[in-house]
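Student: Take a look at this one; I'll ask things after.
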Amino acid sequence: MDVPLWLALIVVGALGIKLIRPPWWLVAVLLLGGYLLADSLLAPAIDTAVK
């Protein structure tokens, strides 16, 4: 099952906010950073490390 990246980011962000209660700016930085890394040249290296 393929899940769009934006949907996965929203779900992870909502769960993180609900469970851990971090500051909103930290959530925004982590989600934006993850999204930018997914579109960068490092994406293949991250993909192989995760798999």
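For the structure tokens, the naming scheme is as follows: chains receive sequential letters (A, B, ...) according to their order of presentation, residues are indexed from 1 within each chain, and ligands are indexed from 1 in presentation order.
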Could you find all residues in chain A that DSSP calls helix (DSSP H, G or I) from the backbone, and write them as a ChimeraX atom specification?
Tutor: /A:5-20,24-38,43-50
Student: Taking C-alpha atoms for each residue, export the selection above as a CSV table (one decimal), in the first residue's frame.
Tutor:
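The file below, out22.csv, is the result:
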```
chain,number,residue,atom,x,y,z
A,5,LEU,CA,4.3,11.6,1.9
A,6,TRP,CA,2.1,14.5,2.9
A,7,LEU,CA,-0.5,12.2,4.5
A,8,ALA,CA,2.3,10.3,6.4
A,9,LEU,CA,3.7,13.6,7.7
A,10,ILE,CA,0.3,14.7,8.9
A,11,VAL,CA,-0.3,11.5,10.8
A,12,VAL,CA,3.1,11.4,12.4
A,13,GLY,CA,2.8,15.0,13.4
A,14,ALA,CA,-0.6,14.5,14.9
A,15,LEU,CA,0.5,11.5,16.9
A,16,GLY,CA,3.6,13.2,18.1
A,17,ILE,CA,1.7,16.2,19.3
A,18,LYS,CA,-0.9,14.1,21.0
A,19,LEU,CA,1.5,11.7,22.7
A,20,ILE,CA,4.6,13.8,23.5
A,24,TRP,CA,4.6,23.6,18.0
A,25,TRP,CA,7.8,25.2,16.5
A,26,LEU,CA,9.7,21.9,17.1
A,27,VAL,CA,7.0,19.9,15.3
A,28,ALA,CA,7.0,22.3,12.4
A,29,VAL,CA,10.9,22.2,12.1
A,30,LEU,CA,11.0,18.4,12.2
A,31,LEU,CA,8.2,17.9,9.7
A,32,LEU,CA,9.6,20.5,7.3
A,33,GLY,CA,13.1,19.1,7.6
A,34,GLY,CA,11.8,15.6,6.9
A,35,TYR,CA,9.9,16.7,3.9
A,36,LEU,CA,13.0,18.6,2.5
A,37,LEU,CA,15.2,15.6,3.1
A,38,ALA,CA,12.8,13.4,1.2
A,43,ALA,CA,16.9,10.5,-0.2
A,44,PRO,CA,18.5,7.3,-1.8
A,45,ALA,CA,21.0,7.0,1.1
A,46,ILE,CA,18.2,7.4,3.7
A,47,ASP,CA,16.0,5.0,1.8
A,48,THR,CA,18.6,2.2,1.9
A,49,ALA,CA,19.4,2.9,5.5
A,50,VAL,CA,15.8,2.6,6.5
```
